[in-house]
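The file structure-v9.pdb comes next; it holds PDB, C-alpha atoms.
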```pdb
ATOM      1  CA  MET G   1       0.000   0.000   0.000
ATOM      2  CA  SER G   2       1.314   3.462  -0.949
ATOM      3  CA  THR G   3       1.435   6.306   1.531
ATOM      4  CA  GLN G   4      -0.459   9.502   0.675
ATOM      5  CA  THR G   5       0.127  13.028   1.958
ATOM      6  CA  ALA G   6      -2.845  15.427   2.341
ATOM      7  CA  ILE G   7      -2.249  19.018   1.289
ATOM      8  CA  VAL G   8      -4.792  21.521   2.565
ATOM      9  CA  ASN G   9      -5.332  24.890   0.853
ATOM     10  CA  THR G  10      -8.004  27.538   1.366
ATOM     11  CA  ASP G  11      -9.443  29.233  -1.746
ATOM     12  CA  ALA G  12     -10.311  32.896  -1.926
ATOM     13  CA  ASP G  13     -13.991  32.080  -2.030
ATOM     14  CA  GLY G  14     -13.908  30.424   1.383
ATOM     15  CA  PHE G  15     -13.748  26.812   0.338
ATOM     16  CA  THR G  16     -11.040  24.452   1.647
ATOM     17  CA  ARG G  17      -9.238  22.531  -1.036
ATOM     18  CA  VAL G  18      -7.818  19.113   0.006
ATOM     19  CA  VAL G  19      -5.341  17.464  -2.313
ATOM     20  CA  ALA G  20      -4.068  13.955  -1.656
ATOM     21  CA  LYS G  21      -0.560  13.393  -3.015
ATOM     22  CA  SER G  22       0.997   9.975  -3.382
ATOM     23  CA  LYS G  23       4.625   9.195  -3.024
ATOM     24  CA  ARG G  24       5.011   8.949  -6.744
ATOM     25  CA  GLY G  25       4.083  12.658  -7.009
ATOM     26  CA  ARG G  26       0.720  12.243  -8.672
ATOM     27  CA  SER G  27      -2.147  14.049  -7.046
ATOM     28  CA  SER G  28      -5.587  12.592  -6.755
ATOM     29  CA  ARG G  29      -8.824  14.299  -7.697
ATOM     30  CA  ALA G  30      -9.373  17.550  -5.764
ATOM     31  CA  GLN G  31     -12.477  17.916  -3.564
ATOM     32  CA  ARG G  32     -13.969  21.246  -2.597
ATOM     33  CA  LEU G  33     -15.413  21.315   0.860
ATOM     34  CA  PRO G  34     -17.210  24.303   2.337
ATOM     35  CA  ALA G  35     -15.137  26.094   4.877
ATOM     36  CA  THR G  36     -16.468  27.053   8.247
ATOM     37  CA  GLN G  37     -18.527  30.214   7.967
ATOM     38  CA  THR G  38     -16.717  33.047   9.654
ATOM     39  CA  HIS G  39     -19.196  35.790   8.900
ATOM     40  CA  THR G  40     -22.880  36.416   9.640
ATOM     41  CA  ASP G  41     -25.454  36.452   6.778
ATOM     42  CA  HIS G  42     -27.523  39.619   7.172
ATOM     43  CA  SER G  43     -29.361  39.201   3.870
ATOM     44  CA  LYS G  44     -32.549  38.093   5.631
ATOM     45  CA  ASP G  45     -32.535  41.190   7.823
ATOM     46  CA  GLU G  46     -32.171  43.601   4.919
ATOM     47  CA  PRO G  47     -35.340  44.915   3.215
ATOM     48  CA  SER G  48     -36.000  43.528  -0.234
ATOM     49  CA  THR G  49     -35.132  45.875  -3.063
ATOM     50  CA  LYS G  50     -36.913  43.816  -5.707
ATOM     51  CA  HIS G  51     -40.121  45.109  -7.325
ATOM     52  CA  LYS G  52     -42.652  43.279  -9.417
ATOM     53  CA  ASP G  53     -42.359  45.859 -12.142
ATOM     54  CA  THR G  54     -38.876  47.312 -12.496
ATOM     55  CA  ASP G  55     -40.004  49.638 -15.308
ATOM     56  CA  THR G  56     -41.542  52.692 -13.729
ATOM     57  CA  LYS G  57     -44.283  54.144 -15.964
ATOM     58  CA  PRO G  58     -45.759  57.612 -15.627
ATOM     59  CA  GLN G  59     -49.205  57.563 -14.059
ATOM     60  CA  THR G  60     -52.050  59.475 -15.718
ATOM     61  CA  THR G  61     -54.139  61.548 -13.398
ATOM     62  CA  VAL G  62     -57.868  61.079 -13.930
ATOM     63  CA  LEU G  63     -60.070  63.891 -12.756
ATOM     64  CA  PRO G  64     -62.887  62.955 -10.406
ATOM     65  CA  GLY G  65     -66.117  62.163 -12.208
ATOM     66  CA  LYS G  66     -64.422  61.441 -15.527
ATOM     67  CA  LYS G  67     -63.601  58.025 -16.895
ATOM     68  CA  ARG G  68     -60.996  57.486 -19.497
ATOM     69  CA  SER G  69     -61.620  54.697 -22.005
ATOM     70  CA  SER G  70     -58.761  53.269 -24.008
ATOM     71  CA  LYS G  71     -61.163  51.934 -26.642
ATOM     72  CA  ARG G  72     -63.543  53.820 -28.870
ATOM     73  CA  GLN G  73     -67.129  53.029 -27.955
ATOM     74  CA  PRO G  74     -68.842  51.149 -30.822
ATOM     75  CA  GLN G  75     -72.048  52.580 -32.207
ATOM     76  CA  THR G  76     -75.200  50.614 -31.554
ATOM     77  CA  PRO G  77     -76.151  48.828 -34.803
ATOM     78  CA  LYS G  78     -79.501  49.651 -36.336
ATOM     79  CA  SER G  79     -82.209  47.072 -35.941
ATOM     80  CA  ILE G  80     -83.684  45.310 -38.965
ATOM     81  CA  VAL G  81     -86.918  47.252 -38.496
ATOM     82  CA  GLU G  82     -85.185  50.637 -38.375
ATOM     83  CA  THR G  83     -83.244  49.783 -41.516
ATOM     84  CA  GLN G  84     -86.384  48.665 -43.347
ATOM     85  CA  VAL G  85     -88.259  51.821 -42.333
ATOM     86  CA  GLU G  86     -85.445  54.001 -43.659
ATOM     87  CA  ASP G  87     -85.250  52.014 -46.912
ATOM     88  CA  VAL G  88     -89.008  52.274 -47.531
ATOM     89  CA  LEU G  89     -89.033  56.017 -46.815
ATOM     90  CA  GLU G  90     -86.103  56.518 -49.187
ATOM     91  CA  LYS G  91     -87.925  54.641 -51.945
ATOM     92  CA  GLN G  92     -91.097  56.571 -51.260
ATOM     93  CA  GLY G  93     -89.136  59.775 -51.758
ATOM     94  CA  SER G  94     -87.936  58.509 -55.135
ATOM     95  CA  LEU G  95     -91.514  57.730 -56.188
ATOM     96  CA  LYS G  96     -92.735  61.178 -55.166
ATOM     97  CA  SER G  97     -90.301  63.100 -57.296
ATOM     98  CA  GLY G  98     -89.256  63.218 -60.912
ATOM     99  CA  LYS G  99     -90.723  61.738 -64.046
ATOM    100  CA  PHE G 100     -92.152  58.640 -62.390
ATOM    101  CA  HIS G 101     -94.463  60.697 -60.195
ATOM    102  CA  THR G 102     -95.514  62.727 -63.204
ATOM    103  CA  GLY G 103     -96.416  59.514 -65.029
ATOM    104  CA  LEU G 104     -98.209  58.215 -61.940
ATOM    105  CA  GLN G 105    -100.644  61.106 -61.948
ATOM    106  CA  ALA G 106    -103.065  59.388 -64.341
ATOM    107  CA  CYS G 107    -103.319  56.430 -61.947
ATOM    108  CA  LEU G 108    -103.778  58.740 -58.962
ATOM    109  CA  ASP G 109    -106.638  60.479 -60.760
ATOM    110  CA  VAL G 110    -108.447  57.163 -61.247
ATOM    111  CA  ILE G 111    -107.821  56.110 -57.641
ATOM    112  CA  GLN G 112    -108.966  59.406 -56.160
ATOM    113  CA  GLY G 113    -112.014  59.419 -58.414
ATOM    114  CA  PHE G 114    -112.954  55.969 -57.111
ATOM    115  CA  LYS G 115    -112.675  57.233 -53.510
ATOM    116  CA  PRO G 116    -111.582  54.033 -51.735
ATOM    117  CA  GLU G 117    -112.544  53.677 -48.085
ATOM    118  CA  GLU G 118    -109.926  51.029 -47.333
ATOM    119  CA  ILE G 119    -106.868  49.376 -48.871
ATOM    120  CA  VAL G 120    -106.329  45.618 -48.745
ATOM    121  CA  CYS G 121    -102.839  44.379 -49.662
ATOM    122  CA  TYR G 122    -102.295  40.791 -50.721
ATOM    123  CA  GLY G 123     -98.900  39.325 -51.585
ATOM    124  CA  ILE G 124     -96.840  42.236 -50.256
ATOM    125  CA  GLY G 125     -93.999  39.787 -49.568
ATOM    126  CA  SER G 126     -91.203  40.035 -47.029
ATOM    127  CA  LEU G 127     -89.669  43.464 -46.577
ATOM    128  CA  THR G 128     -86.235  41.901 -46.589
ATOM    129  CA  THR G 129     -86.493  42.152 -50.403
ATOM    130  CA  GLN G 130     -86.163  45.298 -52.493
ATOM    131  CA  VAL G 131     -89.262  44.488 -54.559
ATOM    132  CA  SER G 132     -91.497  44.369 -51.470
ATOM    133  CA  GLN G 133     -90.034  47.614 -50.160
ATOM    134  CA  TRP G 134     -90.799  49.376 -53.456
ATOM    135  CA  GLN G 135     -94.352  48.034 -53.481
ATOM    136  CA  LEU G 136     -94.971  49.116 -49.886
ATOM    137  CA  ALA G 137     -93.518  52.526 -50.684
ATOM    138  CA  LEU G 138     -96.017  52.884 -53.543
ATOM    139  CA  VAL G 139     -99.092  51.920 -51.540
ATOM    140  CA  LEU G 140     -98.029  54.306 -48.759
ATOM    141  CA  LEU G 141     -97.608  57.074 -51.332
ATOM    142  CA  ILE G 142    -101.080  56.380 -52.725
ATOM    143  CA  ASN G 143    -102.543  56.511 -49.246
ATOM    144  CA  GLN G 144    -101.153  59.994 -48.741
ATOM    145  CA  TYR G 145    -103.923  61.069 -51.124
ATOM    146  CA  LEU G 146    -106.581  58.875 -49.472
ATOM    147  CA  ASN G 147    -105.790  58.660 -45.754
ATOM    148  CA  VAL G 148    -107.664  55.390 -45.210
ATOM    149  CA  ASP G 149    -106.966  52.206 -43.244
ATOM    150  CA  ILE G 150    -104.553  49.684 -44.751
ATOM    151  CA  CYS G 151    -104.435  45.980 -43.941
ATOM    152  CA  ALA G 152    -102.137  43.358 -45.421
ATOM    153  CA  PHE G 153    -101.442  39.661 -45.607
ATOM    154  CA  ASP G 154     -98.740  37.455 -47.029
ATOM    155  CA  PRO G 155     -97.852  34.001 -45.691
ATOM    156  CA  VAL G 156     -94.124  34.713 -46.006
ATOM    157  CA  VAL G 157     -93.975  37.747 -43.687
ATOM    158  CA  ILE G 158     -91.854  37.400 -40.553
ATOM    159  CA  THR G 159     -91.884  39.175 -37.207
ATOM    160  CA  SER G 160     -89.708  42.082 -38.341
ATOM    161  CA  ASP G 161     -91.982  42.602 -41.383
ATOM    162  CA  CYS G 162     -95.047  42.850 -39.136
ATOM    163  CA  GLU G 163     -93.298  45.381 -36.909
ATOM    164  CA  THR G 164     -92.193  47.480 -39.886
ATOM    165  CA  LEU G 165     -95.702  47.438 -41.347
ATOM    166  CA  GLY G 166     -97.017  48.488 -37.943
ATOM    167  CA  ARG G 167     -94.669  51.475 -37.932
ATOM    168  CA  PHE G 168     -96.443  52.652 -41.084
ATOM    169  CA  GLY G 169     -99.895  52.047 -39.647
ATOM    170  CA  VAL G 170    -100.558  48.883 -41.669
ATOM    171  CA  SER G 171    -102.476  46.218 -39.753
ATOM    172  CA  ILE G 172    -101.912  42.508 -40.336
ATOM    173  CA  ILE G 173    -104.790  40.277 -41.451
ATOM    174  CA  ALA G 174    -104.858  37.425 -38.934
ATOM    175  CA  GLU G 175    -105.880  34.596 -41.264
ATOM    176  CA  ASN G 176    -105.070  33.616 -44.804
ATOM    177  CA  GLU G 177    -108.223  34.652 -46.644
ATOM    178  CA  GLU G 178    -106.873  33.380 -49.971
ATOM    179  CA  ALA G 179    -108.217  36.670 -51.345
ATOM    180  CA  LYS G 180    -111.828  35.586 -50.751
ATOM    181  CA  ARG G 181    -112.826  38.774 -48.972
ATOM    182  CA  THR G 182    -116.347  40.062 -49.545
ATOM    183  CA  VAL G 183    -116.154  43.822 -49.339
ATOM    184  CA  THR G 184    -118.631  46.012 -47.476
ATOM    185  CA  LYS G 185    -117.336  49.351 -48.762
ATOM    186  CA  ARG G 186    -115.290  50.748 -51.621
ATOM    187  CA  THR G 187    -112.058  48.818 -51.476
ATOM    188  CA  LEU G 188    -108.740  49.164 -53.248
ATOM    189  CA  PHE G 189    -107.067  45.768 -53.611
ATOM    190  CA  PHE G 190    -103.298  46.248 -53.923
ATOM    191  CA  MET G 191    -101.983  43.006 -55.449
ATOM    192  CA  PRO G 192     -98.904  43.493 -57.684
ATOM    193  CA  HIS G 193     -97.486  40.206 -58.994
ATOM    194  CA  CYS G 194     -99.992  37.997 -57.179
ATOM    195  CA  GLU G 195    -100.873  34.619 -58.629
ATOM    196  CA  GLU G 196    -103.729  34.262 -61.070
ATOM    197  CA  PHE G 197    -106.053  32.324 -58.752
ATOM    198  CA  LEU G 198    -105.976  35.117 -56.139
ATOM    199  CA  TYR G 199    -107.410  37.651 -58.612
ATOM    200  CA  ASN G 200    -110.057  35.123 -59.580
ATOM    201  CA  ASN G 201    -110.904  34.604 -55.895
ATOM    202  CA  VAL G 202    -111.406  38.350 -55.346
ATOM    203  CA  LEU G 203    -113.917  38.478 -58.182
ATOM    204  CA  ALA G 204    -115.664  35.280 -57.116
ATOM    205  CA  ALA G 205    -116.172  36.592 -53.568
ATOM    206  CA  ASN G 206    -117.772  39.751 -54.950
ATOM    207  CA  TRP G 207    -119.634  38.431 -57.989
ATOM    208  CA  SER G 208    -122.513  40.865 -58.396
ATOM    209  CA  PRO G 209    -122.890  44.268 -60.039
ATOM    210  CA  GLU G 210    -123.150  45.995 -56.666
ATOM    211  CA  GLN G 211    -120.018  44.325 -55.311
ATOM    212  CA  LEU G 212    -117.807  44.725 -58.356
ATOM    213  CA  ALA G 213    -118.697  48.406 -58.385
ATOM    214  CA  ARG G 214    -116.996  48.631 -54.982
ATOM    215  CA  ILE G 215    -113.724  47.118 -56.202
ATOM    216  CA  LEU G 216    -110.578  48.662 -57.642
ATOM    217  CA  VAL G 217    -107.572  46.424 -58.301
ATOM    218  CA  ILE G 218    -103.922  47.406 -58.640
ATOM    219  CA  GLY G 219    -102.113  44.357 -59.973
ATOM    220  CA  ASN G 220    -101.240  42.298 -63.019
ATOM    221  CA  HIS G 221    -103.030  42.926 -66.298
ATOM    222  CA  LEU G 222    -105.889  40.436 -66.021
ATOM    223  CA  GLY G 223    -106.299  40.353 -69.787
ATOM    224  CA  ARG G 224    -102.784  38.913 -70.169
ATOM    225  CA  TYR G 225    -103.878  35.631 -68.639
ATOM    226  CA  LYS G 226    -106.161  35.122 -71.623
ATOM    227  CA  ASP G 227    -103.233  35.624 -73.989
ATOM    228  CA  THR G 228    -100.848  33.208 -72.264
ATOM    229  CA  GLN G 229    -102.992  30.043 -72.223
ATOM    230  CA  SER G 230    -105.618  28.222 -74.232
ATOM    231  CA  SER G 231    -109.257  29.287 -74.019
ATOM    232  CA  GLU G 232    -110.204  26.023 -72.330
ATOM    233  CA  GLU G 233    -107.472  26.304 -69.717
ATOM    234  CA  PHE G 234    -108.277  29.953 -69.055
ATOM    235  CA  ALA G 235    -111.996  29.211 -68.637
ATOM    236  CA  THR G 236    -111.205  26.385 -66.216
ATOM    237  CA  LYS G 237    -108.621  28.159 -64.091
ATOM    238  CA  SER G 238    -110.096  31.654 -64.020
ATOM    239  CA  PRO G 239    -113.780  31.663 -64.977
ATOM    240  CA  TYR G 240    -114.568  34.900 -63.155
ATOM    241  CA  ILE G 241    -111.652  36.792 -64.704
ATOM    242  CA  ARG G 242    -112.711  35.563 -68.147
ATOM    243  CA  ARG G 243    -116.267  36.781 -67.705
ATOM    244  CA  ALA G 244    -115.245  40.101 -66.164
ATOM    245  CA  LEU G 245    -112.759  41.093 -68.879
ATOM    246  CA  PRO G 246    -115.245  43.054 -71.039
ATOM    247  CA  ALA G 247    -116.017  45.382 -68.132
ATOM    248  CA  ILE G 248    -112.427  46.129 -67.092
ATOM    249  CA  THR G 249    -110.722  49.432 -67.864
ATOM    250  CA  CYS G 250    -106.957  49.649 -67.272
ATOM    251  CA  THR G 251    -104.598  52.513 -66.493
ATOM    252  CA  ASP G 252    -100.950  51.461 -66.664
ATOM    253  CA  LEU G 253     -98.413  52.425 -64.035
ATOM    254  CA  PRO G 254     -95.456  54.391 -65.456
ATOM    255  CA  SER G 255     -92.301  52.589 -66.501
ATOM    256  CA  GLU G 256     -89.719  51.946 -63.813
ATOM    257  CA  LYS G 257     -87.121  53.438 -66.142
ATOM    258  CA  LEU G 258     -88.486  56.842 -65.153
ATOM    259  CA  LEU G 259     -87.057  56.299 -61.670
ATOM    260  CA  GLY G 260     -83.593  56.810 -63.126
ATOM    261  CA  LEU G 261     -82.094  53.848 -61.277
ATOM    262  CA  ARG G 262     -79.076  51.904 -62.475
ATOM    263  CA  ASN G 263     -81.031  48.662 -62.056
ATOM    264  CA  ASN G 264     -84.800  48.537 -62.300
ATOM    265  CA  PRO G 265     -86.425  46.902 -59.251
ATOM    266  CA  PHE G 266     -89.070  45.069 -61.370
ATOM    267  CA  ALA G 267     -91.610  45.848 -58.661
ATOM    268  CA  PHE G 268     -94.322  47.225 -60.972
ATOM    269  CA  THR G 269     -93.771  45.244 -64.175
ATOM    270  CA  ASP G 270     -97.049  44.633 -66.042
ATOM    271  CA  THR G 271     -98.953  46.460 -63.282
ATOM    272  CA  CYS G 272    -102.017  48.632 -63.796
ATOM    273  CA  VAL G 273    -105.057  50.106 -62.059
ATOM    274  CA  GLN G 274    -108.178  48.124 -63.074
ATOM    275  CA  GLN G 275    -111.733  49.274 -62.582
ATOM    276  CA  PHE G 276    -114.963  47.456 -63.379
ATOM    277  CA  GLY G 277    -116.955  49.996 -65.305
ATOM    278  CA  SER G 278    -119.347  48.560 -67.894
ATOM    279  CA  LEU G 279    -120.991  46.038 -65.589
ATOM    280  CA  SER G 280    -123.926  45.582 -67.986
ATOM    281  CA  THR G 281    -121.603  43.661 -70.304
ATOM    282  CA  ILE G 282    -121.098  40.926 -67.694
ATOM    283  CA  ASP G 283    -123.356  37.884 -67.513
ATOM    284  CA  PHE G 284    -123.728  37.368 -63.764
ATOM    285  CA  LEU G 285    -126.447  34.712 -63.980
ATOM    286  CA  ASN G 286    -124.912  31.912 -66.015
ATOM    287  CA  GLU G 287    -122.065  30.173 -64.243
TER     288      GLU G 287
END
```
Translate this file's structure into C-alpha cells.
Amino acid sequence: MSTQTAIVNTDADGFTRVVAKSKRGRSSRAQRLPATQTHTDHSKDEPSTKHKDTDTKPQTTVLPGKKRSSKRQPQTPKSIVETQVEDVLEKQGSLKSGKFHTGLQACLDVIQGFKPEEIVCYGIGSLTTQVSQWQLALVLLINQYLNVDICAFDPVVITSDCETLGRFGVSIIAENEEAKRTVTKRTLFFMPHCEEFLYNNVLAANWSPEQLARILVIGNHLGRYKDTQSSEEFATKSPYIRRALPAITCTDLPSEKLLGLRNNPFAFTDTCVQQFGSLSTIDFLNE
C-alpha cells in the first residue's frame, strides 16, 4: 500500500481545497469542501429591493367624475326594423319626385275618383327584399292622397316585417283569406305580382254588379292571362276573370325606367289600375 500526503489549501472564495498526493508525485482528484462560515449572513434582515415591475411608468391623473376609455365606444347597430323603415321612406321619396311621379298622376286620378274607403294588400312579400319595399312605398304614397286604413297579408312575412308594417300604420290580417274577402265598402285591392287564382278569388267573392262596383284592383293585367294560355285552360282556371274582362278598364303604371335607377327593381312590371266599369256587359247569372 502506498502512503499519501494530504495538502490543505483555502481558496479565496472560502472553500477548503484538500489534495491527496501519493509518493510517486501524482495528485488525486481535488475535492472542494465548504469552509467554516466566519461571517454572519444579514441578507434576511435587509429589506428587499426587488419590485414586481422594475419599469416605472408615468401615471395618468384622472379627474374625479371622468372616466378614461382606451377603446372607442362602438355605435349601436340599427335594428332590422329601423333599416327597413329608412329604406321604404327613401324609396317613397324617389316615387314622389321626378318623371315617375308625373307619369303616376293618371293612376292617382283614377284612384282618387274611385274614392276608396280602405286598402287591402295581398302578396306584399317580405320586406327583406327590395321588390317588397318598393311596393310598400307605392301603396303608402297612394294613401297619402286617401288617408284610409290599410291591412295586409302574405304568408311569407316574418316578425320584423309585421313590426315594420305596424310602424307605417298597416295592420296585419290574422288569417289567410286566400283573397276571398267580400267587401262592405269601396275597397282598393293592392296586389302586384300575385298569382292568377288570387285575382279570380277576389272576383268570385264579390260576384254581383253591386259588389264589383266597390272594387278597384292594382295588380297584373288580367287580360294577359287570356293571352298566355288556351281558351279552355283559361276558362277552367279563371272563370270569373274571363267573364269580367269586357267590363275592365286599365290605367298602366309608369315605366320603372323613369325612376332613373341603375337597375330597375321590377316591382311594378305589367302592373295597372283596373276598374270594373261597364258592368252591364257581364253575364252574372250563367255560371
Residues in the PyMOL selection byres ((chain G and resi 259) around 8), expressed as an mmCIF file with C-alpha atoms, in the coordinates of the input:
```
data_model
loop_
_atom_site.group_PDB
_atom_site.id
_atom_site.type_symbol
_atom_site.label_atom_id
_atom_site.label_comp_id
_atom_site.auth_asym_id
_atom_site.auth_seq_id
_atom_site.Cartn_x
_atom_site.Cartn_y
_atom_site.Cartn_z
ATOM 1 C CA SER G 94 -87.936 58.509 -55.135
ATOM 2 C CA LEU G 95 -91.514 57.730 -56.188
ATOM 3 C CA GLY G 98 -89.256 63.218 -60.912
ATOM 4 C CA LYS G 99 -90.723 61.738 -64.046
ATOM 5 C CA PHE G 100 -92.152 58.640 -62.390
ATOM 6 C CA GLU G 256 -89.719 51.946 -63.813
ATOM 7 C CA LYS G 257 -87.121 53.438 -66.142
ATOM 8 C CA LEU G 258 -88.486 56.842 -65.153
ATOM 9 C CA GLY G 260 -83.593 56.810 -63.126
ATOM 10 C CA LEU G 261 -82.094 53.848 -61.277
#
```
Inset, instruction - Could you list the residues chosen by the PyMOL selection byres ((chain G and resi 174) around 12) in this structure as a list in words? - result: Cys151, Ala152, Phe153, Asp154, Pro155, Val157, Cys162, Ser171, Ile172, Ile173, Glu175, Asn176, Glu177 and Glu178 of chain G
Inset, instruction - Compile the contact shell of Ala137 of chain G as a PyMOL selection string: residues with an atom at most 8 Å away, counting all atoms listed in the file, same-chain residues fewer than 5 positions apart removed. - result: chain G and resi 88-89+91-92+95
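Listed by chain and then by number, the residues chosen by the PyMOL selection byres ((chain G and resi 148) around 8) in this file are Pro116, Glu117, Glu118, Ile119, Asn143, Leu146, Asn147, Asp149 and Ile150 of chain G.
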Legend entry - Distance query segment 127-132 of chain G at most 8 Å, all atoms listed in the file, self and fewer than 4 positions along chain excluded, as a list in words: Gln84, Leu136, Val157, Asp161, Pro265, Phe266 and Ala267 of chain G
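Atom CA of Ala247 of chain G is positioned 15.6 Å from atom CA of Val110 of chain G.
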Legend entry - Proximity to Leu165 of chain G - best of G:His193, G:Gly223, G:Ser231, G:Leu140, only C-alpha atoms: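 Looking at the shortest contact to Leu165 of chain G, the residue is G:Leu140.
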Inset, instruction - Name the closest residue to Gly123 of chain G among the candidates G:Met191, G:Leu141, G:Ile158, G:Leu245; distances are taken between atoms, counting all atoms listed in the file. - result: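 Checking each candidate against Gly123 of chain G, we get G:Met191 as the closest.
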Inset, instruction - Would you kindly return, as a ChimeraX atom specification, each protein, DNA or RNA residue with an atom no farther than 9 Å from any atom of Ile215 of chain G, considering all atoms listed in the file and excluding same-chain residues fewer than 5 positions away? - result: /G:114,116,183,185-189,203,206,274-276
Output C-alpha atoms for every residue in that selection, as a PDB file, in the coordinates of the input.
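Written output follows (selection.pdb):
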```pdb
ATOM      1  CA  PHE G 114    -112.954  55.969 -57.111  1.00  0.00           C
ATOM      2  CA  PRO G 116    -111.582  54.033 -51.735  1.00  0.00           C
ATOM      3  CA  VAL G 183    -116.154  43.822 -49.339  1.00  0.00           C
ATOM      4  CA  LYS G 185    -117.336  49.351 -48.762  1.00  0.00           C
ATOM      5  CA  ARG G 186    -115.290  50.748 -51.621  1.00  0.00           C
ATOM      6  CA  THR G 187    -112.058  48.818 -51.476  1.00  0.00           C
ATOM      7  CA  LEU G 188    -108.740  49.164 -53.248  1.00  0.00           C
ATOM      8  CA  PHE G 189    -107.067  45.768 -53.611  1.00  0.00           C
ATOM      9  CA  LEU G 203    -113.917  38.478 -58.182  1.00  0.00           C
ATOM     10  CA  ASN G 206    -117.772  39.751 -54.950  1.00  0.00           C
ATOM     11  CA  GLN G 274    -108.178  48.124 -63.074  1.00  0.00           C
ATOM     12  CA  GLN G 275    -111.733  49.274 -62.582  1.00  0.00           C
ATOM     13  CA  PHE G 276    -114.963  47.456 -63.379  1.00  0.00           C
TER      14      PHE G 276
END
```
Using all atoms listed in the file, what residues lie at most 10 Å away from (-99.1, 52.3, -69.6) (file coordinates), given as a short mmCIF file (atom, residue, chain, number, x, y, z; two decimals) with C-alpha atoms, in the frame of the given file?
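Resulting contents of result.cif:
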```
data_model
loop_
_atom_site.label_atom_id
_atom_site.label_comp_id
_atom_site.auth_asym_id
_atom_site.auth_seq_id
_atom_site.Cartn_x
_atom_site.Cartn_y
_atom_site.Cartn_z
CA GLY G 103 -96.42 59.51 -65.03
CA LEU G 104 -98.21 58.22 -61.94
CA ALA G 106 -103.06 59.39 -64.34
CA CYS G 107 -103.32 56.43 -61.95
CA CYS G 250 -106.96 49.65 -67.27
CA THR G 251 -104.60 52.51 -66.49
CA ASP G 252 -100.95 51.46 -66.66
CA LEU G 253 -98.41 52.42 -64.04
CA PRO G 254 -95.46 54.39 -65.46
CA SER G 255 -92.30 52.59 -66.50
CA ASP G 270 -97.05 44.63 -66.04
CA THR G 271 -98.95 46.46 -63.28
CA CYS G 272 -102.02 48.63 -63.80
CA VAL G 273 -105.06 50.11 -62.06
#
```
Inset, instruction - Considering only C-alpha atoms, state which residue in the set G:Ser79, G:Ser238, G:Ser278, G:Thr159 is at the smallest distance from Ser126 of chain G. - result: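 Ranked by minimum distance to Ser126 of chain G, first place goes to G:Thr159.
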Legend entry - Residue nearest Glu163 of chain G among G:Val85, G:Asp109, G:Thr236, G:Asn200 (counting all atoms listed in the file): G:Val85
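As for atom CA of Lys237 of chain G and atom CA of Phe197 of chain G, they are spaced 7.2 Å apart.
What separates atom CA of Val217 of chain G from atom CA of Gln135 of chain G is a distance of 14.2 Å.
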